[in-house]
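What follows is a single structure, written as structure tokens, with notes after it.
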Amino acid sequence: MWSWLAVSLSGIGAVAGTKQGHIGQALSYKVFTFVLLAIIALTQSVVADYTFWVVAGLAISAIADVFHTLTQKRPLYFVCFLLAQLCYSKAFWLQLSGEMVWWLFALLLAACVVAFFLLLPRLDKLVFPVVIMGIVLIQLTWASGEVWLLDPKLSHAVGFAGCSVLLLSALAYALNCYRSPIKSAYFWVTGSYFLAHALIVASLTI
């Protein structure tokens, strides 16, 4: 309980720092939040193989935030973001066994295609990176959804919720940057981003 309270307070500190433009404070709280989540994941009574992939995703996400905050080199942040999501994907794919549920993939793909065409007029040279990011996030959400549908436990539902929130967070970020500004975007994007990671880690603890 206390560990999750610390995660919540640290996440609030990151959101507050982002809102007020305190770059150092925001980055410190962001990295600290990822460290806390990694500790929670690794200190469970049962640490499975896929747990280490989740921890790897957390570590790479922290590095991605450092690049995003301190450098103007967007490719570094983008690559780290993709690697983090691929690590999470591996964690969920390792839990799968049995037949695939294709309607979930079709639903996610259709929703992302609609979002892509909404953003297309503003993307210009960013079309290819956005498509790659969309594919990675779709397969991550699909993998977590497959785990939940094949074994409908609370922990798997929480994992699917976390991946879905991460997908929505990325969509909100893209809409805010390339379509039209979202009111209080710092709150929705940063808050949902950390909520997604927290839910993914929580799926290991339930």
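Convention: chains lettered A, B, ... in structure tokens order; per-chain residue numbering from 1; ligands numbered from 1 as shown.
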Quick one: residues within 8 Å of stretch 99-115 of chain A, only C-alpha atoms, excluding same-chain residues fewer than 3 positions away - as JSON, numbers by chain?
{"A": [118, 119, 134, 138, 139, 142, 145, 146, 149, 171]}
Selection near stretch 53-55 of chain A, 10 Å with only C-alpha atoms, sequence-local residues under 3 positions removed, as a VMD selection string:
chain A and resid 34 to 35 37 to 42 48 to 50 58 to 61 84 to 92 94 197 200 to 201 204
Once you have the residues from the selection above, write them out as a compact mmCIF listing (two decimals), in the first residue's frame, restricted to C-alpha atoms.
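Full text of out20.txt as output:
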# COMPACT_ATOMS: atom_id res chain seq x y z
CA PHE A 34 9.76 4.39 -12.86
CA VAL A 35 12.29 3.28 -10.24
CA LEU A 37 7.44 0.76 -10.19
CA ALA A 38 10.44 -1.44 -11.03
CA ILE A 39 11.02 -2.12 -7.33
CA ILE A 40 7.37 -3.08 -6.88
CA ALA A 41 7.57 -5.48 -9.84
CA LEU A 42 10.77 -7.14 -8.63
CA ALA A 48 8.03 -14.78 -13.54
CA ASP A 49 10.07 -14.52 -16.73
CA TYR A 50 7.75 -11.89 -18.16
CA LEU A 58 10.15 0.62 -17.29
CA ALA A 59 13.90 1.21 -17.49
CA ILE A 60 13.79 2.10 -21.18
CA SER A 61 10.77 4.35 -20.58
CA ALA A 84 9.81 0.02 -24.15
CA GLN A 85 6.50 -0.96 -25.75
CA LEU A 86 8.13 -3.96 -27.41
CA CYS A 87 9.40 -5.10 -24.00
CA TYR A 88 5.89 -4.82 -22.58
CA SER A 89 4.59 -6.70 -25.62
CA LYS A 90 7.04 -9.53 -25.02
CA ALA A 91 5.81 -9.78 -21.42
CA PHE A 92 2.23 -10.29 -22.60
CA LEU A 94 4.90 -14.87 -23.15
CA HIS A 197 2.66 2.09 -16.55
CA ILE A 200 0.79 -2.70 -16.22
CA VAL A 201 2.91 -3.19 -13.09
CA LEU A 204 1.84 -8.38 -11.84
Find the residues near A:Ile23: any atom within 9 Å, counting only C-alpha atoms, skip ones fewer than 5 places away on the same chain, and give them as a PDB file with N, CA, C and O atoms, in the first residue's frame.
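Generated output (around_33.pdb):
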ATOM      1  N   GLY A  17       5.215  19.340 -11.965  1.00  0.00           N
ATOM      2  CA  GLY A  17       6.425  19.929 -12.539  1.00  0.00           C
ATOM      3  C   GLY A  17       6.264  20.245 -14.010  1.00  0.00           C
ATOM      4  O   GLY A  17       6.729  21.275 -14.497  1.00  0.00           O
ATOM      5  N   THR A  18       5.568  19.350 -14.740  1.00  0.00           N
ATOM      6  CA  THR A  18       5.299  19.598 -16.154  1.00  0.00           C
ATOM      7  C   THR A  18       4.410  20.819 -16.332  1.00  0.00           C
ATOM      8  O   THR A  18       4.641  21.657 -17.203  1.00  0.00           O
ATOM      9  N   SER A  28      12.985  14.523 -12.516  1.00  0.00           N
ATOM     10  CA  SER A  28      13.359  13.771 -11.312  1.00  0.00           C
ATOM     11  C   SER A  28      12.209  12.890 -10.839  1.00  0.00           C
ATOM     12  O   SER A  28      12.395  11.712 -10.527  1.00  0.00           O
ATOM     13  N   THR A  69      13.183  15.070 -22.446  1.00  0.00           N
ATOM     14  CA  THR A  69      13.259  16.297 -21.653  1.00  0.00           C
ATOM     15  C   THR A  69      14.530  17.090 -21.913  1.00  0.00           C
ATOM     16  O   THR A  69      14.497  18.321 -21.999  1.00  0.00           O
ATOM     17  N   LEU A  70      15.656  16.399 -22.064  1.00  0.00           N
ATOM     18  CA  LEU A  70      16.945  17.076 -22.088  1.00  0.00           C
ATOM     19  C   LEU A  70      17.535  17.283 -23.478  1.00  0.00           C
ATOM     20  O   LEU A  70      18.483  18.061 -23.623  1.00  0.00           O
TER      21      LEU A  70
END
Let's see if you can do this: from backbone DSSP, list all helix (DSSP H, G or I) residues in stretch 40-203 of chain A, as an NGL selection string.
:A and (40-42 or 49-70 or 74-93 or 102-150 or 154-179 or 185-203)
Here is a test: counting only C-alpha atoms, which residue of A:Ala196, A:Val165, A:Gly11, A:Trp188 is nearest to A:Val31?
A:Gly11
For a test of reading the model, state the distance in Å between atom CA of A:Ser155 and atom CA of A:Met133, rounded to one decimal.
25.7 Å
